[in-house]
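Visitor: I have a structure I would like to understand better, so I am pasting it below and will then ask my questions one at a time.
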Amino acid sequence: MPRPKGLQLSSEMQRISAASSHDPFSVLGVHPSDALPGNVKANIIRDVANWQLVTFLPHARGSVYAELDSQSVELTQLSGSDFYMADNIAERPTRFYQLRWQDEYNNHYHHHDPYAFEPQISEYDLHLFAEGRNWNIHHILGAHPKVIDGIAGVLFATWAPGAERVSVVADFNRWDGRCHAMRSRGSSGVWELFIPGVALDTKYKFEIRARDTGAITVKTDPYGRYFETRPHTAARVYSAAPEQVWTDNEWMNRRRLWSWQHSPLSVYEMHLGSWQRDHDNQFLNYRELAHRLVEYVVPLGFTHIEILPVAEHPLDDSWGYQSTGYFAPTSRFGNPDDFRYFVNHLHNHNIGVILDWVPAHFPKDTFALARFDGTALYEHEDIRLGEHKDWGTLIFNYGRNEVRNFLIASALFWLDEFHLDGLRVDAVASMLHLDYSREAGEWLPNRYGGNENLEAVEFVRELNIQCHGQHPGVLVIAEESTAWPQVSGPVYLGGLGFSLKWNMGWMHDSLQFMSKDPIYRQYHHDNLTFGMMYAFSENFQLPFSHDEVVHGKGSMINKMPGDDWQKFANLRLLYTFQFTYPGSKLLFMGSEFGQWSEWCDKGELDWPLMQYERHQQLQQSVADLNGLYRTQPALYEHNYSADGFNWIDCHDNRQSVISYIRQGEHERVIVILNFTPTPRHDYRVGVPDDGEYDEIFNSDSTYYGGSNLGNGSRLMAEQKPWMNLPYSLSLTLPPLAGIVLKCRR
């Protein structure tokens, strides 16, 4: 090995050695000799070469060689440093030169020099990102396998404008931030580095030195596509070309033309980790879940499933609502291709997949987004804007272009990469209101003095414009619990642009009413009827979700009063009300068969209950309600319009009975619900049409565990006006039950 040169290191070399350089490319790689820093150039030996190659290898021991085109050149170590230099190169080497060296353990390394490559991210992409409109930024930032001039490697990139230095740290460099310092792309705040020879599945993070404080943190990749299994948090390099071949073209083509506002939409909400598990109580893989779900959900008749968040998250107990990987399905259940298989398999069995997505907040974990570059980058500096104390989480800064871009790109990523059919957006109310769950003095008003988060409003509108514009037929559903106007109104009319809004008011009123002993229900009749005052102000979905069966609220069956027979009858009646009321439907797993215990994410559902007849019968009633809903256009063609609903009688509080008409384009059905355990004989109901009526559904059927009291078929309407309708029927109303009638035409 050549004798070390006794050169004084330049200031930039000293910064590289100290891992504080923001511009390692100014020294490393190949440069003209006369462009070298002055305090190095002045001490170089005579006969200075035209070109100089410098590398920094803190783990090298012994000789270091550069293979330049057809020649091999031994580099000289600068005395007292980890820099190696060749200064006698007559012609500029091509970018294909490689370095050859070994470490103290006699491991041999032979690789292309990362500092020989030009910048890879275009100025146009950086410009769009700075504007907050680079919807494909997830194809640029992160870690992406790439081939440059025939050389395979990975392009690493991240956004950290407050950093003094950013490095890629990984197994291949002993997690040493000195080894692969990244190139700064100036005012964009983006850092990038192409590293040749990095293999797929390599674990990596970004080591970031804050400009203001010098503090060093190691962060996981915000744009990572695949992560280690918790509790480990490194991202893993994943193939840009999926192995899973999509075979759902027929489904996707139908979806583009789908008139969802005039179609049945019935959603089975579920948590993948606690629906079913294996014999050792371990998580199932996405692929096995797909097959089991198809076998279970298809007979039940749901049109879609909605899965609680599967974006990567460190803590099981958060159920996915504290995400750290906004571009990665959690590795708990497999890799991204396994998740693609999951969606593809459900699509091929005509089941849509909706994802719960969380842009409202993110956790404080130090390895993730919180103070990513040493500053409040994704969040607000002021906790009055930037923190949800109730949840122990941070709030995204929707006023920052790059943050909005990050979130919208995430939404589009799930829809594009995984063919998802919709997003349910969590905690929208907390995004829209600056004073959400805050006392006076704990929040800051907007520029007009109000409590509206104006930046969040604009973010939500842009989100919906892009999702609906780029993916026709997808749903974007708001969990929004306040009276904010036009949540599902079009953006061009001043609305937020969501497809649907959860009807939290209907849900709370219905559950409050059903929890009452039937003898007292007459005093709470308005809980049943008030919802119709606003039922068509939004496109509503009727949710009995996971939030209603946790934290001491009791399971759906245990919310019902009475003995066991009455509990099951009440629940069948409630579901009949839900499936015949205007709006799409959502039911959380376990509620369809009457799980007694609250939902617990530590194991699977109480499937042993399915050996008992009454649980089987409740499940069958849900399947038949889905079948009724999907086969009767009157129950879905005008789900979101007043044209689809008319009261027959909403005033019979004394007997706790309501009746209404559901109207389709060409036919209608009659719904009568008796909320007491008292059978009603000769109960007269007005109907709009003359002729024979059939009882097409009865929740009191013996098939569902009921008393089998009802009316059968061939009920003849009488020419006896009733309740402002020209005809009427004399009916038997079964106890704690709903019946649905249809006129023969």
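Residue numbering restarts at 1 in every chain; chains get A, B, ... in the order shown in the structure tokens, and ligands count up from 1 in that same order.
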Do you have, as a tab-separated table, the list of residues of region 152-203 of chain A lying at most 7 Å from region 111-134 of chain A, each with its nearest atom pair and that distance in Å to one decimal, counting only C-alpha atoms and ordered by chain then number?

Guide:
```
residue	atom	partner	partner_atom	distance
A:Ser188	CA	A:Leu126	CA	6.3
A:Phe194	CA	A:Pro114	CA	5.9
A:Ile195	CA	A:Pro114	CA	5.1
A:Pro196	CA	A:His112	CA	6.0
A:Gly197	CA	A:His111	CA	6.9
```

Visitor: So which bits of region 501-602 of chain A end up alpha helix (DSSP H) when you DSSP the backbone, as a ChimeraX atom specification?

Guide: /A:504-514,526-529,556-559,564-580

Visitor: Mind pulling up the distance from CA of Ser33 (chain A) to CA of Ser81 (chain A)?

Guide: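 Distance reported for this atom pair: 19.9 Å.
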
Visitor: May I have the residues within 8 Å of Ala152 (chain A) as a VMD selection string, using only C-alpha atoms and disregarding those fewer than 2 positions away in the same chain?

Guide: chain A and resid 145 to 148 150 154 196 to 198

Visitor: Limited to N, CA, C and O atoms, could you put the picked residues into a file as a PDB file, in the first residue's frame?

Guide:
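Final output, result-v8.pdb:
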```pdb
ATOM      1  N   PRO A 145     -35.515   0.131  -6.009  1.00  0.00           N
ATOM      2  CA  PRO A 145     -34.555  -0.556  -6.866  1.00  0.00           C
ATOM      3  C   PRO A 145     -34.510   0.099  -8.234  1.00  0.00           C
ATOM      4  O   PRO A 145     -35.543   0.480  -8.799  1.00  0.00           O
ATOM      5  N   LYS A 146     -33.310   0.247  -8.745  1.00  0.00           N
ATOM      6  CA  LYS A 146     -33.133   1.022  -9.982  1.00  0.00           C
ATOM      7  C   LYS A 146     -31.884   0.516 -10.690  1.00  0.00           C
ATOM      8  O   LYS A 146     -30.941   0.044 -10.052  1.00  0.00           O
ATOM      9  N   VAL A 147     -31.890   0.590 -12.012  1.00  0.00           N
ATOM     10  CA  VAL A 147     -30.721   0.232 -12.807  1.00  0.00           C
ATOM     11  C   VAL A 147     -30.276   1.475 -13.569  1.00  0.00           C
ATOM     12  O   VAL A 147     -31.063   2.065 -14.323  1.00  0.00           O
ATOM     13  N   ILE A 148     -29.034   1.888 -13.340  1.00  0.00           N
ATOM     14  CA  ILE A 148     -28.477   3.073 -13.995  1.00  0.00           C
ATOM     15  C   ILE A 148     -27.296   2.634 -14.850  1.00  0.00           C
ATOM     16  O   ILE A 148     -26.309   2.103 -14.328  1.00  0.00           O
ATOM     17  N   GLY A 150     -26.920   0.136 -16.618  1.00  0.00           N
ATOM     18  CA  GLY A 150     -26.630  -1.281 -16.432  1.00  0.00           C
ATOM     19  C   GLY A 150     -26.199  -1.661 -15.037  1.00  0.00           C
ATOM     20  O   GLY A 150     -25.929  -2.844 -14.774  1.00  0.00           O
ATOM     21  N   VAL A 154     -30.058   0.675  -5.459  1.00  0.00           N
ATOM     22  CA  VAL A 154     -31.269   1.234  -4.857  1.00  0.00           C
ATOM     23  C   VAL A 154     -31.078   2.730  -4.699  1.00  0.00           C
ATOM     24  O   VAL A 154     -30.050   3.189  -4.186  1.00  0.00           O
ATOM     25  N   PRO A 196     -25.191   1.380  -5.368  1.00  0.00           N
ATOM     26  CA  PRO A 196     -25.176   0.171  -6.194  1.00  0.00           C
ATOM     27  C   PRO A 196     -25.051  -1.092  -5.341  1.00  0.00           C
ATOM     28  O   PRO A 196     -24.459  -1.082  -4.254  1.00  0.00           O
ATOM     29  N   GLY A 197     -25.604  -2.166  -5.861  1.00  0.00           N
ATOM     30  CA  GLY A 197     -25.395  -3.477  -5.260  1.00  0.00           C
ATOM     31  C   GLY A 197     -26.244  -3.787  -4.056  1.00  0.00           C
ATOM     32  O   GLY A 197     -26.088  -4.862  -3.455  1.00  0.00           O
ATOM     33  N   VAL A 198     -27.161  -2.915  -3.657  1.00  0.00           N
ATOM     34  CA  VAL A 198     -28.010  -3.194  -2.495  1.00  0.00           C
ATOM     35  C   VAL A 198     -29.060  -4.227  -2.889  1.00  0.00           C
ATOM     36  O   VAL A 198     -29.756  -4.082  -3.895  1.00  0.00           O
TER      37      VAL A 198
END
```

Visitor: From a DSSP calculation on the backbone, collect every residue of region 463-637 of chain A in strand (DSSP E) and output the set as a VMD selection string.

Guide: chain A and resid 475 to 478 500 to 502 540 to 544 584 to 588

Visitor: Could you pull the residues within 10 Å of region 399-411 of chain A, counting only C-alpha atoms, minus those fewer than 5 positions along the same chain, as a PyMOL selection string?

Guide: chain A and resi 128-139+141+159+188-189+222-223+311+325-328+355+357-360+377-380+416+422-423+425+453-456+458-460+462-464+466-467+476

Visitor: Near region 241-248 of chain A, counting only C-alpha atoms, which residues have an atom at most 8 Å away, once you skip same-chain residues fewer than 6 positions from it, shown as a PyMOL selection string?

Guide: chain A and resi 337-338+340-341+344+347-348

Visitor: Write out the residues from the selection above, keeping N, CA and C atoms, as a compact mmCIF listing (two decimals), in the first residue's frame.

Guide:
```txt
# COMPACT_ATOMS: atom_id res chain seq x y z
N ASP A 337 -46.93 -8.31 -1.47
CA ASP A 337 -47.53 -9.19 -2.47
C ASP A 337 -48.60 -10.09 -1.86
N ASP A 338 -48.41 -10.48 -0.62
CA ASP A 338 -49.45 -11.24 0.07
C ASP A 338 -50.73 -10.41 0.20
N ARG A 340 -51.59 -7.95 -1.83
CA ARG A 340 -52.17 -7.88 -3.18
C ARG A 340 -53.00 -9.14 -3.46
N TYR A 341 -52.47 -10.28 -3.08
CA TYR A 341 -53.21 -11.53 -3.28
C TYR A 341 -54.54 -11.49 -2.53
N ASN A 344 -56.95 -9.25 -4.46
CA ASN A 344 -57.26 -9.89 -5.73
C ASN A 344 -58.23 -11.06 -5.54
N HIS A 347 -61.71 -9.77 -4.74
CA HIS A 347 -62.33 -9.22 -5.95
C HIS A 347 -62.83 -10.33 -6.87
N ASN A 348 -62.07 -11.39 -6.99
CA ASN A 348 -62.47 -12.48 -7.87
C ASN A 348 -63.68 -13.25 -7.35
```

Visitor: Which one is closest to Gly80 (chain A): A:Gln8, A:Gln512, A:Asn350, A:Ser707? Count only C-alpha atoms.

Guide: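 Answer, going by the shortest atom-to-atom distance: A:Gln8.
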
Visitor: Taking only C-alpha atoms into account, name the residue in A:Glu192, A:His551, A:Tyr204, A:Lys559 that is nearest to Val169 (chain A).

Guide: A:Tyr204

Visitor: For the interface of region 337-436 of chain A with region 284-296 of chain A (cut-off 7 Å, counting only C-alpha atoms), please tabulate each contacting residue of region 337-436 of chain A alongside its nearest pair of atoms and their separation in Å to one decimal, rows sorted by chain and increasing number, as CSV.

Guide:
```
residue,atom,partner,partner_atom,distance
A:Asp338,CA,A:Tyr286,CA,5.6
A:Phe339,CA,A:Tyr286,CA,5.6
A:Tyr341,CA,A:Arg287,CA,6.3
A:Phe342,CA,A:Ala290,CA,4.9
A:His345,CA,A:Ala290,CA,6.4
A:Leu346,CA,A:Val294,CA,6.4
A:His349,CA,A:Val294,CA,7.0
```

Visitor: Can you pull out every residue within 12 Å of Glu592 (chain A), counting only C-alpha atoms, but drop anything in the same chain fewer than 4 positions away, and send it as a PDB file with N, CA and C atoms, in the first residue's frame?

Guide:
```pdb
ATOM      1  N   VAL A 267     -71.421  -3.561   4.257  1.00  0.00           N
ATOM      2  CA  VAL A 267     -70.008  -3.680   4.613  1.00  0.00           C
ATOM      3  C   VAL A 267     -69.832  -4.487   5.892  1.00  0.00           C
ATOM      4  N   TYR A 268     -68.929  -5.451   5.831  1.00  0.00           N
ATOM      5  CA  TYR A 268     -68.530  -6.237   7.006  1.00  0.00           C
ATOM      6  C   TYR A 268     -67.220  -5.661   7.505  1.00  0.00           C
ATOM      7  N   GLU A 269     -67.269  -4.933   8.626  1.00  0.00           N
ATOM      8  CA  GLU A 269     -66.064  -4.316   9.177  1.00  0.00           C
ATOM      9  C   GLU A 269     -65.319  -5.343  10.018  1.00  0.00           C
ATOM     10  N   MET A 270     -63.992  -5.332   9.904  1.00  0.00           N
ATOM     11  CA  MET A 270     -63.228  -6.365  10.597  1.00  0.00           C
ATOM     12  C   MET A 270     -61.804  -5.916  10.906  1.00  0.00           C
ATOM     13  N   TYR A 296     -66.469 -17.336   4.263  1.00  0.00           N
ATOM     14  CA  TYR A 296     -67.388 -16.872   5.306  1.00  0.00           C
ATOM     15  C   TYR A 296     -68.288 -15.742   4.828  1.00  0.00           C
ATOM     16  N   VAL A 297     -67.721 -14.754   4.142  1.00  0.00           N
ATOM     17  CA  VAL A 297     -68.454 -13.531   3.823  1.00  0.00           C
ATOM     18  C   VAL A 297     -69.406 -13.720   2.650  1.00  0.00           C
ATOM     19  N   LEU A 300     -72.780 -14.859   3.637  1.00  0.00           N
ATOM     20  CA  LEU A 300     -73.464 -13.852   4.438  1.00  0.00           C
ATOM     21  C   LEU A 300     -74.032 -12.723   3.582  1.00  0.00           C
ATOM     22  N   GLY A 301     -73.542 -12.556   2.367  1.00  0.00           N
ATOM     23  CA  GLY A 301     -74.137 -11.611   1.455  1.00  0.00           C
ATOM     24  C   GLY A 301     -73.608 -10.196   1.522  1.00  0.00           C
ATOM     25  N   PHE A 302     -72.546  -9.938   2.274  1.00  0.00           N
ATOM     26  CA  PHE A 302     -71.982  -8.588   2.292  1.00  0.00           C
ATOM     27  C   PHE A 302     -71.340  -8.281   0.941  1.00  0.00           C
ATOM     28  N   PHE A 544     -72.754   0.132  12.708  1.00  0.00           N
ATOM     29  CA  PHE A 544     -72.581  -0.497  14.018  1.00  0.00           C
ATOM     30  C   PHE A 544     -71.151  -1.034  14.009  1.00  0.00           C
ATOM     31  N   SER A 545     -70.222  -0.181  14.408  1.00  0.00           N
ATOM     32  CA  SER A 545     -68.800  -0.411  14.161  1.00  0.00           C
ATOM     33  C   SER A 545     -68.094  -0.951  15.395  1.00  0.00           C
ATOM     34  N   SER A 555     -71.094  -5.766  24.059  1.00  0.00           N
ATOM     35  CA  SER A 555     -71.308  -6.268  22.706  1.00  0.00           C
ATOM     36  C   SER A 555     -72.700  -5.887  22.237  1.00  0.00           C
ATOM     37  N   MET A 556     -72.961  -6.072  20.967  1.00  0.00           N
ATOM     38  CA  MET A 556     -74.283  -5.728  20.434  1.00  0.00           C
ATOM     39  C   MET A 556     -75.375  -6.533  21.121  1.00  0.00           C
ATOM     40  N   ILE A 557     -75.168  -7.822  21.320  1.00  0.00           N
ATOM     41  CA  ILE A 557     -76.206  -8.643  21.949  1.00  0.00           C
ATOM     42  C   ILE A 557     -76.409  -8.239  23.402  1.00  0.00           C
ATOM     43  N   PHE A 568     -81.943 -11.731  21.693  1.00  0.00           N
ATOM     44  CA  PHE A 568     -81.763 -12.107  20.294  1.00  0.00           C
ATOM     45  C   PHE A 568     -82.861 -11.517  19.421  1.00  0.00           C
ATOM     46  N   LEU A 571     -82.110  -7.857  18.878  1.00  0.00           N
ATOM     47  CA  LEU A 571     -81.001  -7.614  17.948  1.00  0.00           C
ATOM     48  C   LEU A 571     -81.426  -7.882  16.507  1.00  0.00           C
ATOM     49  N   ARG A 572     -82.224  -8.927  16.293  1.00  0.00           N
ATOM     50  CA  ARG A 572     -82.738  -9.166  14.938  1.00  0.00           C
ATOM     51  C   ARG A 572     -83.603  -7.991  14.480  1.00  0.00           C
ATOM     52  N   LEU A 574     -83.328  -4.837  15.511  1.00  0.00           N
ATOM     53  CA  LEU A 574     -82.449  -3.704  15.236  1.00  0.00           C
ATOM     54  C   LEU A 574     -81.815  -3.842  13.864  1.00  0.00           C
ATOM     55  N   TYR A 575     -81.347  -5.042  13.532  1.00  0.00           N
ATOM     56  CA  TYR A 575     -80.735  -5.239  12.220  1.00  0.00           C
ATOM     57  C   TYR A 575     -81.762  -5.091  11.099  1.00  0.00           C
ATOM     58  N   LEU A 586     -73.195  -1.015   7.629  1.00  0.00           N
ATOM     59  CA  LEU A 586     -71.904  -1.484   8.128  1.00  0.00           C
ATOM     60  C   LEU A 586     -72.116  -2.194   9.453  1.00  0.00           C
ATOM     61  N   LEU A 587     -71.539  -3.400   9.566  1.00  0.00           N
ATOM     62  CA  LEU A 587     -71.663  -4.210  10.776  1.00  0.00           C
ATOM     63  C   LEU A 587     -70.306  -4.780  11.132  1.00  0.00           C
ATOM     64  N   PHE A 588     -69.921  -4.634  12.399  1.00  0.00           N
ATOM     65  CA  PHE A 588     -68.607  -5.123  12.833  1.00  0.00           C
ATOM     66  C   PHE A 588     -68.647  -6.614  13.117  1.00  0.00           C
ATOM     67  N   TRP A 596     -71.092 -12.621  22.778  1.00  0.00           N
ATOM     68  CA  TRP A 596     -71.496 -12.071  24.074  1.00  0.00           C
ATOM     69  C   TRP A 596     -70.484 -11.081  24.626  1.00  0.00           C
ATOM     70  N   LEU A 605     -62.347 -14.096  17.423  1.00  0.00           N
ATOM     71  CA  LEU A 605     -63.746 -14.032  17.830  1.00  0.00           C
ATOM     72  C   LEU A 605     -64.158 -15.319  18.543  1.00  0.00           C
ATOM     73  N   ASP A 606     -65.276 -15.253  19.232  1.00  0.00           N
ATOM     74  CA  ASP A 606     -65.761 -16.417  20.000  1.00  0.00           C
ATOM     75  C   ASP A 606     -66.471 -17.400  19.070  1.00  0.00           C
ATOM     76  N   TRP A 607     -65.684 -17.985  18.169  1.00  0.00           N
ATOM     77  CA  TRP A 607     -66.267 -18.896  17.190  1.00  0.00           C
ATOM     78  C   TRP A 607     -66.929 -20.126  17.805  1.00  0.00           C
ATOM     79  N   LEU A 609     -69.122 -20.239  19.840  1.00  0.00           N
ATOM     80  CA  LEU A 609     -70.552 -19.951  19.993  1.00  0.00           C
ATOM     81  C   LEU A 609     -71.360 -20.470  18.811  1.00  0.00           C
ATOM     82  N   MET A 610     -70.697 -20.649  17.666  1.00  0.00           N
ATOM     83  CA  MET A 610     -71.425 -21.057  16.471  1.00  0.00           C
ATOM     84  C   MET A 610     -71.913 -22.506  16.532  1.00  0.00           C
ATOM     85  N   ARG A 614     -79.007 -20.777  18.474  1.00  0.00           N
ATOM     86  CA  ARG A 614     -79.498 -19.394  18.440  1.00  0.00           C
ATOM     87  C   ARG A 614     -78.483 -18.447  17.793  1.00  0.00           C
ATOM     88  N   HIS A 615     -77.191 -18.760  17.933  1.00  0.00           N
ATOM     89  CA  HIS A 615     -76.171 -17.941  17.266  1.00  0.00           C
ATOM     90  C   HIS A 615     -76.165 -18.217  15.763  1.00  0.00           C
ATOM     91  N   GLN A 616     -76.373 -19.470  15.398  1.00  0.00           N
ATOM     92  CA  GLN A 616     -76.496 -19.793  13.979  1.00  0.00           C
ATOM     93  C   GLN A 616     -77.703 -19.090  13.361  1.00  0.00           C
ATOM     94  N   GLN A 617     -78.791 -19.055  14.129  1.00  0.00           N
ATOM     95  CA  GLN A 617     -80.022 -18.454  13.614  1.00  0.00           C
ATOM     96  C   GLN A 617     -79.884 -16.942  13.460  1.00  0.00           C
ATOM     97  N   LEU A 618     -79.208 -16.289  14.397  1.00  0.00           N
ATOM     98  CA  LEU A 618     -78.976 -14.860  14.255  1.00  0.00           C
ATOM     99  C   LEU A 618     -78.131 -14.592  13.016  1.00  0.00           C
ATOM    100  N   GLN A 619     -77.087 -15.392  12.835  1.00  0.00           N
ATOM    101  CA  GLN A 619     -76.242 -15.234  11.655  1.00  0.00           C
ATOM    102  C   GLN A 619     -77.048 -15.422  10.373  1.00  0.00           C
ATOM    103  N   GLN A 620     -77.964 -16.384  10.375  1.00  0.00           N
ATOM    104  CA  GLN A 620     -78.795 -16.614   9.200  1.00  0.00           C
ATOM    105  C   GLN A 620     -79.714 -15.431   8.925  1.00  0.00           C
ATOM    106  N   SER A 621     -80.198 -14.799  10.004  1.00  0.00           N
ATOM    107  CA  SER A 621     -81.063 -13.629   9.803  1.00  0.00           C
ATOM    108  C   SER A 621     -80.286 -12.493   9.141  1.00  0.00           C
ATOM    109  N   VAL A 622     -79.011 -12.330   9.504  1.00  0.00           N
ATOM    110  CA  VAL A 622     -78.189 -11.298   8.876  1.00  0.00           C
ATOM    111  C   VAL A 622     -77.961 -11.634   7.406  1.00  0.00           C
ATOM    112  N   ALA A 623     -77.689 -12.903   7.119  1.00  0.00           N
ATOM    113  CA  ALA A 623     -77.509 -13.318   5.731  1.00  0.00           C
ATOM    114  C   ALA A 623     -78.768 -13.048   4.914  1.00  0.00           C
ATOM    115  N   ASP A 624     -79.931 -13.344   5.502  1.00  0.00           N
ATOM    116  CA  ASP A 624     -81.184 -13.137   4.770  1.00  0.00           C
ATOM    117  C   ASP A 624     -81.522 -11.659   4.637  1.00  0.00           C
ATOM    118  N   LEU A 625     -81.151 -10.853   5.630  1.00  0.00           N
ATOM    119  CA  LEU A 625     -81.342  -9.410   5.494  1.00  0.00           C
ATOM    120  C   LEU A 625     -80.466  -8.855   4.374  1.00  0.00           C
ATOM    121  N   ASN A 626     -79.234  -9.335   4.291  1.00  0.00           N
ATOM    122  CA  ASN A 626     -78.380  -8.939   3.171  1.00  0.00           C
ATOM    123  C   ASN A 626     -78.999  -9.363   1.846  1.00  0.00           C
TER     124      ASN A 626
END
```

Visitor: What lies within 12 Å of Ala535 (chain A) using only C-alpha atoms, ignoring chain neighbours under 6 positions off, as number ranges by chain?

Guide: A: 501-507, 528-529, 541-542, 581-584, 638-646

Visitor: Can you write out the residues you just picked, keeping N, CA and C atoms, as a tab-separated table (two decimals), in the first residue's frame?

Guide:
```tsv
chain	number	residue	atom	x	y	z
A	501	LYS	N	-70.85	9.58	4.52
A	501	LYS	CA	-70.55	9.98	5.89
A	501	LYS	C	-71.21	8.99	6.84
A	502	TRP	N	-70.48	8.56	7.85
A	502	TRP	CA	-71.08	7.71	8.88
A	502	TRP	C	-72.19	8.49	9.59
A	503	ASN	N	-73.35	7.84	9.74
A	503	ASN	CA	-74.48	8.46	10.42
A	503	ASN	C	-74.39	8.14	11.91
A	504	MET	N	-73.57	8.90	12.60
A	504	MET	CA	-73.34	8.66	14.02
A	504	MET	C	-74.58	8.98	14.85
A	505	GLY	N	-75.34	9.99	14.41
A	505	GLY	CA	-76.55	10.35	15.14
A	505	GLY	C	-77.57	9.22	15.14
A	506	TRP	N	-77.82	8.66	13.95
A	506	TRP	CA	-78.74	7.52	13.85
A	506	TRP	C	-78.26	6.35	14.70
A	507	MET	N	-76.97	6.09	14.65
A	507	MET	CA	-76.43	4.97	15.41
A	507	MET	C	-76.64	5.17	16.91
A	528	LEU	N	-86.28	6.91	17.45
A	528	LEU	CA	-86.49	6.16	16.21
A	528	LEU	C	-86.77	7.07	15.03
A	529	THR	N	-87.44	8.17	15.29
A	529	THR	CA	-88.00	8.95	14.19
A	529	THR	C	-87.23	10.22	13.86
A	541	GLN	N	-73.97	6.42	5.72
A	541	GLN	CA	-73.78	5.00	5.99
A	541	GLN	C	-74.19	4.75	7.44
A	542	LEU	N	-74.88	3.64	7.68
A	542	LEU	CA	-75.40	3.32	9.02
A	542	LEU	C	-74.43	2.36	9.70
A	581	TYR	N	-83.65	0.78	6.51
A	581	TYR	CA	-83.59	2.24	6.66
A	581	TYR	C	-82.71	2.81	5.55
A	582	PRO	N	-82.98	4.02	5.08
A	582	PRO	CA	-82.16	4.61	4.02
A	582	PRO	C	-80.69	4.74	4.43
A	583	GLY	N	-79.81	4.38	3.53
A	583	GLY	CA	-78.37	4.47	3.76
A	583	GLY	C	-77.71	3.12	3.58
A	584	SER	N	-76.41	3.14	3.30
A	584	SER	CA	-75.67	1.88	3.20
A	584	SER	C	-75.41	1.33	4.60
A	638	HIS	N	-82.86	4.36	-4.09
A	638	HIS	CA	-82.89	5.75	-3.64
A	638	HIS	C	-82.43	5.83	-2.19
A	639	ASN	N	-81.28	5.20	-1.91
A	639	ASN	CA	-80.76	5.15	-0.54
A	639	ASN	C	-80.46	6.53	0.02
A	640	TYR	N	-80.12	7.48	-0.84
A	640	TYR	CA	-79.63	8.78	-0.36
A	640	TYR	C	-80.54	9.92	-0.81
A	641	SER	N	-81.80	9.57	-1.10
A	641	SER	CA	-82.74	10.56	-1.60
A	641	SER	C	-84.09	10.40	-0.90
A	642	ALA	N	-84.75	11.49	-0.65
A	642	ALA	CA	-86.08	11.44	-0.03
A	642	ALA	C	-87.09	10.75	-0.93
A	643	ASP	N	-86.76	10.58	-2.21
A	643	ASP	CA	-87.66	9.86	-3.12
A	643	ASP	C	-87.82	8.40	-2.71
A	644	GLY	N	-86.91	7.91	-1.89
A	644	GLY	CA	-86.92	6.49	-1.55
A	644	GLY	C	-87.58	6.16	-0.23
A	645	PHE	N	-88.19	7.16	0.44
A	645	PHE	CA	-88.74	6.89	1.77
A	645	PHE	C	-89.99	7.71	2.02
A	646	ASN	N	-90.98	7.06	2.61
A	646	ASN	CA	-92.17	7.75	3.11
A	646	ASN	C	-92.64	7.08	4.39
```

Visitor: Counting only C-alpha atoms, which of A:His271, A:Asp421, A:Tyr492, A:Met431 gets nearest to Tyr398 (chain A)?

Guide: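 Ranked by minimum distance to Tyr398 (chain A), first place goes to A:Met431.
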
Visitor: Between A:Thr233, A:Ser26, A:Ser591, A:Ser430, which residue has the minimum interatomic distance to Thr330 (chain A), considering only C-alpha atoms?

Guide: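 Closest to Thr330 (chain A) of all the choices is A:Thr233.
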